[in-house]
$ cat start-v3.pdb   # PDB, C-alpha atoms, pLDDT in the B column
ATOM      1  CA  MET A   7       8.444  -7.584  -2.271  1.00 55.00           C
ATOM      2  CA  LYS A   8       7.948 -11.011  -0.782  1.00 65.00           C
ATOM      3  CA  SER A   9       4.637 -11.979   0.711  1.00 76.00           C
ATOM      4  CA  PHE A  10       3.885 -13.920   3.837  1.00 77.00           C
ATOM      5  CA  GLY A  11       0.666 -14.917   5.483  1.00 85.00           C
ATOM      6  CA  SER A  12      -0.925 -14.690   8.857  1.00 88.00           C
ATOM      7  CA  ARG A  13       0.522 -18.007  10.000  1.00 89.00           C
ATOM      8  CA  ASP A  14       4.038 -16.682   9.336  1.00 88.00           C
ATOM      9  CA  LEU A  15       3.250 -13.804  11.694  1.00 89.00           C
ATOM     10  CA  GLY A  16       1.624 -15.993  14.345  1.00 90.00           C
ATOM     11  CA  ILE A  17      -1.887 -14.531  13.990  1.00 92.00           C
ATOM     12  CA  SER A  18      -5.164 -15.869  12.628  1.00 94.00           C
ATOM     13  CA  PRO A  19      -6.304 -15.123   9.066  1.00 93.00           C
ATOM     14  CA  GLU A  20      -9.393 -13.406  10.474  1.00 95.00           C
ATOM     15  CA  TYR A  21      -7.286 -11.047  12.591  1.00 93.00           C
ATOM     16  CA  LEU A  22      -5.083 -10.185   9.600  1.00 91.00           C
ATOM     17  CA  ASN A  23      -8.213  -9.457   7.577  1.00 92.00           C
ATOM     18  CA  MET A  24      -9.433  -7.109  10.330  1.00 93.00           C
ATOM     19  CA  ILE A  25      -6.101  -5.269  10.180  1.00 91.00           C
ATOM     20  CA  LYS A  26      -6.319  -4.994   6.386  1.00 88.00           C
ATOM     21  CA  ASN A  27      -9.831  -3.568   6.664  1.00 91.00           C
ATOM     22  CA  ARG A  28      -8.723  -1.109   9.374  1.00 89.00           C
ATOM     23  CA  LYS A  29     -10.954  -2.641  12.031  1.00 94.00           C
ATOM     24  CA  ARG A  30      -7.920  -3.414  14.200  1.00 92.00           C
ATOM     25  CA  ARG A  31      -4.617  -1.617  14.651  1.00 92.00           C
ATOM     26  CA  ILE A  32      -1.224  -3.244  14.230  1.00 91.00           C
ATOM     27  CA  SER A  33       0.251  -3.952  17.648  1.00 92.00           C
ATOM     28  CA  ASP A  34       3.869  -3.163  18.447  1.00 93.00           C
ATOM     29  CA  GLU A  35       4.643  -6.884  18.670  1.00 93.00           C
ATOM     30  CA  LEU A  36       3.119  -7.577  15.248  1.00 92.00           C
ATOM     31  CA  LEU A  37       5.008  -4.648  13.731  1.00 89.00           C
ATOM     32  CA  GLU A  38       8.217  -6.085  15.181  1.00 90.00           C
ATOM     33  CA  LYS A  39       7.496  -9.456  13.561  1.00 90.00           C
ATOM     34  CA  LEU A  40       6.817  -7.761  10.220  1.00 87.00           C
ATOM     35  CA  LEU A  41      10.036  -5.790  10.334  1.00 85.00           C
ATOM     36  CA  GLU A  42      12.037  -8.898  11.219  1.00 88.00           C
ATOM     37  CA  LYS A  43      10.739 -10.638   8.088  1.00 86.00           C
ATOM     38  CA  LEU A  44      11.487  -7.757   5.704  1.00 85.00           C
ATOM     39  CA  THR A  45      14.837  -7.379   4.009  1.00 86.00           C
ATOM     40  CA  ALA A  46      16.566  -4.107   3.169  1.00 85.00           C
ATOM     41  CA  LYS A  47      15.418  -4.517  -0.448  1.00 87.00           C
ATOM     42  CA  ASP A  48      11.782  -4.914   0.681  1.00 85.00           C
ATOM     43  CA  LEU A  49      12.007  -1.767   2.805  1.00 81.00           C
ATOM     44  CA  LEU A  50      13.504   0.165  -0.112  1.00 83.00           C
ATOM     45  CA  GLU A  51      10.685  -0.954  -2.437  1.00 84.00           C
ATOM     46  CA  PHE A  52       8.100   0.027   0.177  1.00 79.00           C
ATOM     47  CA  ALA A  53       9.670   3.458   0.720  1.00 79.00           C
ATOM     48  CA  THR A  54       9.846   4.089  -3.038  1.00 82.00           C
ATOM     49  CA  ALA A  55       6.186   3.152  -3.526  1.00 79.00           C
ATOM     50  CA  THR A  56       5.156   5.281  -0.552  1.00 74.00           C
ATOM     51  CA  ASN A  57       6.995   8.319  -1.924  1.00 73.00           C
ATOM     52  CA  MET A  58       5.380   7.842  -5.327  1.00 71.00           C
ATOM     53  CA  ILE A  59       1.891   7.661  -3.789  1.00 66.00           C
ATOM     54  CA  ARG A  60       2.649  10.642  -1.560  1.00 67.00           C
ATOM     55  CA  GLY A  61       3.625  12.614  -4.668  1.00 68.00           C
ATOM     56  CA  TRP A  62       0.357  11.714  -6.397  1.00 61.00           C
ATOM     57  CA  TRP A  63      -1.616  12.675  -3.320  1.00 60.00           C
ATOM     58  CA  ALA A  64       0.173  16.017  -2.974  1.00 63.00           C
ATOM     59  CA  ARG A  65      -0.712  16.850  -6.582  1.00 63.00           C
ATOM     60  CA  GLY A  66      -4.285  15.595  -6.159  1.00 61.00           C
ATOM     61  CA  ASP A  67      -3.726  12.828  -8.728  1.00 58.00           C
ATOM     62  CA  LEU A  68      -5.020   9.858  -6.740  1.00 57.00           C
ATOM     63  CA  ASN A  69      -8.211   9.967  -8.807  1.00 61.00           C
ATOM     64  CA  PRO A  70      -7.283  11.968 -11.894  1.00 59.00           C
ATOM     65  CA  GLY A  71     -10.545  11.246 -13.747  1.00 62.00           C
ATOM     66  CA  PRO A  72     -10.841  10.767 -17.510  1.00 67.00           C
ATOM     67  CA  PRO A  73      -7.945  11.738 -19.758  1.00 65.00           C
ATOM     68  CA  PRO A  74      -8.131  15.186 -21.363  1.00 65.00           C
ATOM     69  CA  ARG A  75      -9.640  15.472 -24.852  1.00 66.00           C
ATOM     70  CA  GLN A  76      -7.411  15.760 -27.850  1.00 67.00           C
ATOM     71  CA  GLY A  77      -6.907  19.413 -28.692  1.00 67.00           C
ATOM     72  CA  GLY A  78      -9.058  21.062 -31.369  1.00 63.00           C
ATOM     73  CA  VAL A  79     -11.119  18.031 -32.424  1.00 62.00           C
ATOM     74  CA  LEU A  80     -14.845  18.045 -31.652  1.00 61.00           C
ATOM     75  CA  PRO A  81     -16.736  14.750 -31.709  1.00 61.00           C
ATOM     76  CA  ASP A  82     -19.575  14.410 -34.249  1.00 60.00           C
TER      77      ASP A  82
END
$ encode --input "start-v3.pdb" --output "structure tokens"
Amino acid sequence: MKSFGSRDLGISPEYLNMIKNRKRRISDELLEKLLEKLTAKDLLEFATATNMIRGWWARGDLNPGPPPRQGGVLPD
């Protein structure tokens, strides 16, 4: 997925940082600009990643914790 900065979207770096940190919402105009810059391949990659994360979340695997111990072996 290609990356572009705040200047490409016509906003300040500070405002983009506020959006990233969820202190501001994405306006309809900014969303339009984002969608204009994305290609079909970018949207497909985004949708694939979103579905993968959604699958993890549905299974409760977002923070799976430590791996399970190897069966039958007790540490000394």
$ atom_distance --input "start-v3.pdb" --atom1 "CA of Ser12 (chain A)" --atom2 "CA of Leu40 (chain A)"
10.5 Å
$ atom_distance --input "start-v3.pdb" --atom1 "CA of Glu42 (chain A)" --atom2 "CA of Tyr21 (chain A)"
19.5 Å
$ resolve_selection --input "start-v3.pdb" --expression "the PyMOL selection byres ((chain A and resi 39) around 12)" --output "ChimeraX atom specification"
/A:10-17,32-38,40-44
$ axis_aligned_box --input "start-v3.pdb" --around "region 17-34 of chain A" --padding-each-side "3 Å" --output "lines of an AutoDock Vina configuration file"
center_x = -3.5
center_y = -8.5
center_z = 12.4
size_x = 20.8
size_y = 20.8
size_z = 18.1
$ atom_distance --input "start-v3.pdb" --atom1 "CA of Ala46 (chain A)" --atom2 "CA of Glu20 (chain A)"
28.5 Å
